[in-house]
Each structure stands twice: as C-alpha cells, then as structure tokens.
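S.K.: Dropping the structure in here first, questions after.
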Amino acid sequence: MTHPISRFDVPELSTMPADIRERIEAVQARSGFIPNVFLALAHRPDEFRAFFAYHDALMERESNLSKAEREMIVVATSAANECQYCVIAHGAILRIRAKNPLIADQVATNYRKADITTRQRAMLDFAMKVSQSAQAVGEDDIAILNSHGFDESDIWDITSIAAFFALSNRIANVSAMRPNDEFYSLDR
C-alpha cells in the first residue's frame, strides 16, 4: 500500500525554485534517495529555506557536541514527542554518526538505559526538559550540565537543538510526514 508522504501538497521537483531543487538533488546524490522532509517542506519555499538554514546552523557547524550527540538529542526528544518521521530518519543518521547499529533504538526507547556516557545522559536529561517543560529550567539544571563539562555554548546548542526539533516534530506530526523506507535499514 502506498501512502502519501504528507497530507499537504508536495510539489514536483521540476516545478520547485532552482535553489531548492539543487539542494534536493545534491542530497539525493549523496544519499541515493530524497528524504521526504525535503519534499514535504518544499511547498513553502521561504519556510523551506529558513528551516534548513537553521537546521544546518545547529547540526552541521563545529561544536563541542559531536554530531552523534546532536543526533541523540533529536532522537530522544522526537521519541518523547512521538514523531515517527524524526525518530526513524534521525535514528538512521545517529547509527551512522555513532558507528553503532544499536544506539538509536536504545535512545528512542529509553535513553536512561541506553549504552551512553553519564555526560550524554545529563545532556539528554536537559534536552528532554527543554523539549517537554522549558519553563521549569533553572540554575540547578545549568549547574548539573556544568559539572559534566558543558559550557555556555554547549548549553545553548543543546537548548536550540531540542527547541528546533520540537518545532520540526510538530510539523511532521501534523503533516503526517512519512519516513522513507530507506531509513529503516541504514547502517544496520
């Protein structure tokens, strides 16, 4: 049975603005397929550009957080937000970046029991608080992160990733965005 990738209109690649089409084609050349998030968000070109500019600023820049740790934040908070698309897609990316075929399932199911460091557990505890009850974040939370070696910039990164993916989770859930079949078997 074939399911639509979004409940909203998905434009044909050939009708998209050139910059968006080129970005999507570059992703397809690297990964061998087009992740559905690119197609689903392309129906609003300005929002597509803003979304991926912020995504890249958070997820691709140099940081004290490894790329795998950033993906852990996405997977754990997306699981709490019940976002199937992000858990499956970013779970695949986490498996690749961590070079560990088990880690994404562990983090998505219960990060507290996952094979991660105490530092990473503290990071995910904080990210979950940002994702689920940011209004309750206080100085004690910051002190815990500091005790694990996270500095102000790291805390900003954890906060921003959790907050950005809360937005992404809500868009994916409301749009009924479907994960690509390819994500399920990547790096297993």
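Convention: chains lettered A, B, ... in structure tokens order; per-chain residue numbering from 1; ligands numbered from 1 as shown.
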Tell me, as a PDB file with C-alpha atoms, in the first residue's frame, which residues lie within 10 Å of Pro11 (chain A), counting only C-alpha atoms; anything in the same chain fewer than 5 positions away does not count.

M.R.:
ATOM      1  CA  MET A  16      10.498  23.904  -7.453  1.00  0.00           C
ATOM      2  CA  LEU A  39       9.804  17.234  -0.499  1.00  0.00           C
ATOM      3  CA  ALA A  40       7.157  17.881   2.153  1.00  0.00           C
ATOM      4  CA  LEU A  41       8.570  21.270   3.145  1.00  0.00           C
ATOM      5  CA  ALA A  42       9.183  22.406  -0.438  1.00  0.00           C
ATOM      6  CA  HIS A  43       5.599  23.551  -0.876  1.00  0.00           C
ATOM      7  CA  ARG A  44       6.558  26.693   1.062  1.00  0.00           C
TER       8      ARG A  44
END

S.K.: If we count only C-alpha atoms and set the cut-off at 9 Å, which residues sit around Phe183 (chain A), ignoring sequence neighbours fewer than 4 positions away in its own chain? Please answer as a PyMOL selection string.

M.R.: chain A and resi 35+88-93+179+187

S.K.: Between A:Thr2, A:Glu69, A:Glu25, A:Ala162, which has the minimum distance to Ala134 (chain A) (counting only C-alpha atoms)?

M.R.: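 So, comparing all the options, the nearest one is A:Ala162.
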
S.K.: Determine, using only C-alpha atoms, which residues of region 96-170 of chain A have any atom at most 9 Å from an atom of region 74-81 of chain A, and tabulate each with its shortest atom pair and distance in Å to one decimal place, rows ordered by chain and then rising number, as a Markdown table.

M.R.:
| residue | atom | partner | partner_atom | distance |
| --- | --- | --- | --- | --- |
| A:Ala104 | CA | A:Val75 | CA | 7.0 |
| A:Asp105 | CA | A:Val75 | CA | 8.9 |
| A:Val107 | CA | A:Ala76 | CA | 5.7 |
| A:Ala108 | CA | A:Ala76 | CA | 5.2 |
| A:Thr109 | CA | A:Ala79 | CA | 7.4 |
| A:Asn110 | CA | A:Ala76 | CA | 7.9 |
| A:Tyr111 | CA | A:Ala76 | CA | 6.7 |
| A:Leu124 | CA | A:Ala76 | CA | 7.1 |
| A:Ala127 | CA | A:Thr77 | CA | 7.0 |
| A:Met128 | CA | A:Thr77 | CA | 5.7 |
| A:Ser131 | CA | A:Thr77 | CA | 6.3 |
| A:Gln132 | CA | A:Ala80 | CA | 8.1 |
| A:Ile161 | CA | A:Val74 | CA | 7.1 |
| A:Ala162 | CA | A:Thr77 | CA | 6.6 |
| A:Phe165 | CA | A:Val74 | CA | 6.4 |
| A:Ala166 | CA | A:Ser78 | CA | 7.3 |
| A:Ser168 | CA | A:Ser78 | CA | 8.9 |
| A:Asn169 | CA | A:Ser78 | CA | 6.3 |
| A:Arg170 | CA | A:Asn81 | CA | 8.0 |

S.K.: Quick one: distance from CA of Gly32 (chain A) to CA of Ser6 (chain A) in Å, one decimal?

M.R.: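 According to the coordinates, CA of Gly32 (chain A) and CA of Ser6 (chain A) are separated by 20.7 Å.
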
S.K.: Could you jot down the CA of Lys99 (chain A) to CA of Glu62 (chain A) separation for me, Å, one decimal place?

M.R.: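 Distance between the two atoms: 19.2 Å.
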
S.K.: If you run DSSP on the backbone, which residues of region 57-126 of chain A are helix (DSSP H, G or I), as a PyMOL selection string?

M.R.: chain A and resi 57-59+67-80+84-98+103-113+118-126

S.K.: Could you save the residues just selected, with N, CA and C atoms, as a compact mmCIF listing (two decimals), in the first residue's frame?

M.R.:
# COMPACT_ATOMS: atom_id res chain seq x y z
N ALA A 57 22.72 25.32 10.66
CA ALA A 57 23.45 26.09 11.66
C ALA A 57 23.59 25.30 12.96
N LEU A 58 22.60 24.52 13.30
CA LEU A 58 22.63 23.72 14.53
C LEU A 58 23.38 22.40 14.37
N MET A 59 23.15 21.72 13.26
CA MET A 59 23.55 20.33 13.15
C MET A 59 24.86 20.12 12.39
N LYS A 67 28.62 15.29 16.38
CA LYS A 67 27.43 15.16 15.52
C LYS A 67 26.55 14.02 16.01
N ALA A 68 27.13 12.97 16.54
CA ALA A 68 26.33 11.87 17.09
C ALA A 68 25.54 12.35 18.31
N GLU A 69 26.17 13.14 19.18
CA GLU A 69 25.45 13.65 20.35
C GLU A 69 24.30 14.56 19.95
N ARG A 70 24.49 15.36 18.93
CA ARG A 70 23.39 16.20 18.45
C ARG A 70 22.24 15.33 17.96
N GLU A 71 22.58 14.25 17.26
CA GLU A 71 21.53 13.35 16.79
C GLU A 71 20.85 12.62 17.95
N MET A 72 21.60 12.33 19.02
CA MET A 72 20.97 11.74 20.21
C MET A 72 19.88 12.64 20.76
N ILE A 73 20.16 13.93 20.79
CA ILE A 73 19.17 14.90 21.27
C ILE A 73 17.92 14.82 20.39
N VAL A 74 18.11 14.79 19.09
CA VAL A 74 16.97 14.73 18.17
C VAL A 74 16.16 13.46 18.40
N VAL A 75 16.83 12.33 18.49
CA VAL A 75 16.13 11.06 18.63
C VAL A 75 15.38 10.98 19.96
N ALA A 76 16.03 11.34 21.05
CA ALA A 76 15.38 11.25 22.36
C ALA A 76 14.17 12.18 22.46
N THR A 77 14.34 13.44 22.06
CA THR A 77 13.22 14.38 22.17
C THR A 77 12.13 14.07 21.16
N SER A 78 12.49 13.60 19.99
CA SER A 78 11.48 13.23 18.99
C SER A 78 10.67 12.03 19.44
N ALA A 79 11.31 11.11 20.14
CA ALA A 79 10.58 9.96 20.69
C ALA A 79 9.57 10.44 21.73
N ALA A 80 9.99 11.37 22.59
CA ALA A 80 9.08 11.91 23.60
C ALA A 80 7.91 12.65 22.95
N GLN A 84 7.25 10.04 14.55
CA GLN A 84 7.75 8.88 13.83
C GLN A 84 8.80 9.27 12.79
N TYR A 85 8.53 10.32 12.02
CA TYR A 85 9.48 10.70 10.97
C TYR A 85 10.86 10.98 11.56
N CYS A 86 10.93 11.82 12.57
CA CYS A 86 12.24 12.23 13.10
C CYS A 86 12.95 11.10 13.83
N VAL A 87 12.20 10.25 14.54
CA VAL A 87 12.84 9.12 15.21
C VAL A 87 13.47 8.19 14.18
N ILE A 88 12.74 7.89 13.13
CA ILE A 88 13.25 6.96 12.11
C ILE A 88 14.39 7.59 11.31
N ALA A 89 14.18 8.81 10.80
CA ALA A 89 15.19 9.45 9.96
C ALA A 89 16.46 9.79 10.76
N HIS A 90 16.29 10.42 11.90
CA HIS A 90 17.47 10.81 12.68
C HIS A 90 18.06 9.62 13.43
N GLY A 91 17.26 8.61 13.67
CA GLY A 91 17.81 7.36 14.20
C GLY A 91 18.81 6.76 13.24
N ALA A 92 18.48 6.79 11.95
CA ALA A 92 19.41 6.28 10.92
C ALA A 92 20.69 7.12 10.90
N ILE A 93 20.54 8.43 10.99
CA ILE A 93 21.71 9.30 10.99
C ILE A 93 22.54 9.06 12.25
N LEU A 94 21.87 8.87 13.40
CA LEU A 94 22.59 8.58 14.64
C LEU A 94 23.38 7.28 14.52
N ARG A 95 22.78 6.24 13.96
CA ARG A 95 23.51 4.97 13.80
C ARG A 95 24.77 5.18 12.97
N ILE A 96 24.66 5.98 11.93
CA ILE A 96 25.81 6.24 11.05
C ILE A 96 26.87 7.06 11.78
N ARG A 97 26.45 8.14 12.43
CA ARG A 97 27.41 9.04 13.07
C ARG A 97 28.05 8.43 14.31
N ALA A 98 27.32 7.58 15.02
CA ALA A 98 27.87 6.93 16.21
C ALA A 98 28.59 5.64 15.87
N ILE A 103 22.40 2.01 18.98
CA ILE A 103 22.23 3.21 19.78
C ILE A 103 20.91 3.94 19.53
N ALA A 104 20.47 4.04 18.31
CA ALA A 104 19.25 4.80 18.02
C ALA A 104 18.03 4.15 18.65
N ASP A 105 17.94 2.84 18.57
CA ASP A 105 16.80 2.15 19.18
C ASP A 105 16.84 2.32 20.70
N GLN A 106 18.03 2.24 21.29
CA GLN A 106 18.15 2.41 22.74
C GLN A 106 17.74 3.81 23.16
N VAL A 107 18.24 4.82 22.46
CA VAL A 107 17.95 6.21 22.82
C VAL A 107 16.47 6.52 22.60
N ALA A 108 15.89 6.02 21.52
CA ALA A 108 14.49 6.29 21.24
C ALA A 108 13.56 5.61 22.24
N THR A 109 13.92 4.42 22.67
CA THR A 109 13.06 3.67 23.58
C THR A 109 13.16 4.16 25.01
N ASN A 110 14.40 4.29 25.51
CA ASN A 110 14.62 4.77 26.87
C ASN A 110 16.09 5.16 27.00
N TYR A 111 16.39 6.42 26.74
CA TYR A 111 17.79 6.86 26.76
C TYR A 111 18.45 6.65 28.12
N ARG A 112 17.66 6.59 29.18
CA ARG A 112 18.22 6.39 30.52
C ARG A 112 18.87 5.02 30.69
N LYS A 113 18.47 4.07 29.84
CA LYS A 113 19.03 2.72 29.89
C LYS A 113 19.94 2.43 28.70
N THR A 118 27.61 8.99 31.19
CA THR A 118 26.86 9.80 32.15
C THR A 118 26.76 11.25 31.67
N ARG A 119 27.78 11.72 30.98
CA ARG A 119 27.74 13.07 30.40
C ARG A 119 26.62 13.18 29.37
N GLN A 120 26.52 12.18 28.49
CA GLN A 120 25.47 12.18 27.47
C GLN A 120 24.09 12.05 28.12
N ARG A 121 23.98 11.27 29.18
CA ARG A 121 22.70 11.13 29.88
C ARG A 121 22.29 12.48 30.47
N ALA A 122 23.23 13.21 31.06
CA ALA A 122 22.92 14.54 31.59
C ALA A 122 22.47 15.48 30.46
N MET A 123 23.14 15.39 29.33
CA MET A 123 22.78 16.20 28.17
C MET A 123 21.34 15.89 27.74
N LEU A 124 20.99 14.60 27.67
CA LEU A 124 19.65 14.22 27.24
C LEU A 124 18.60 14.54 28.30
N ASP A 125 18.95 14.43 29.59
CA ASP A 125 18.02 14.85 30.63
C ASP A 125 17.64 16.32 30.44
N PHE A 126 18.65 17.14 30.18
CA PHE A 126 18.41 18.56 29.97
C PHE A 126 17.61 18.80 28.69

S.K.: Return the single residue from A:Phe164, A:Arg49, A:Ser175, A:Leu186 that is closest to Val10 (chain A), with distances computed using only C-alpha atoms.

M.R.: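 So, comparing all the options, the nearest one is A:Ser175.
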
S.K.: Measuring atom to atom with only C-alpha atoms, identify which of A:Ala114, A:Ala176, A:Ala163, A:Ala143 is nearest to Tyr54 (chain A).

M.R.: A:Ala163

S.K.: Mind checking which residues fall within 10 Å of Ile34 (chain A), counting only C-alpha atoms, ignoring those fewer than 5 positions away in the same chain, and posting them as a ChimeraX atom specification?

M.R.: /A:24-29,39,180,182
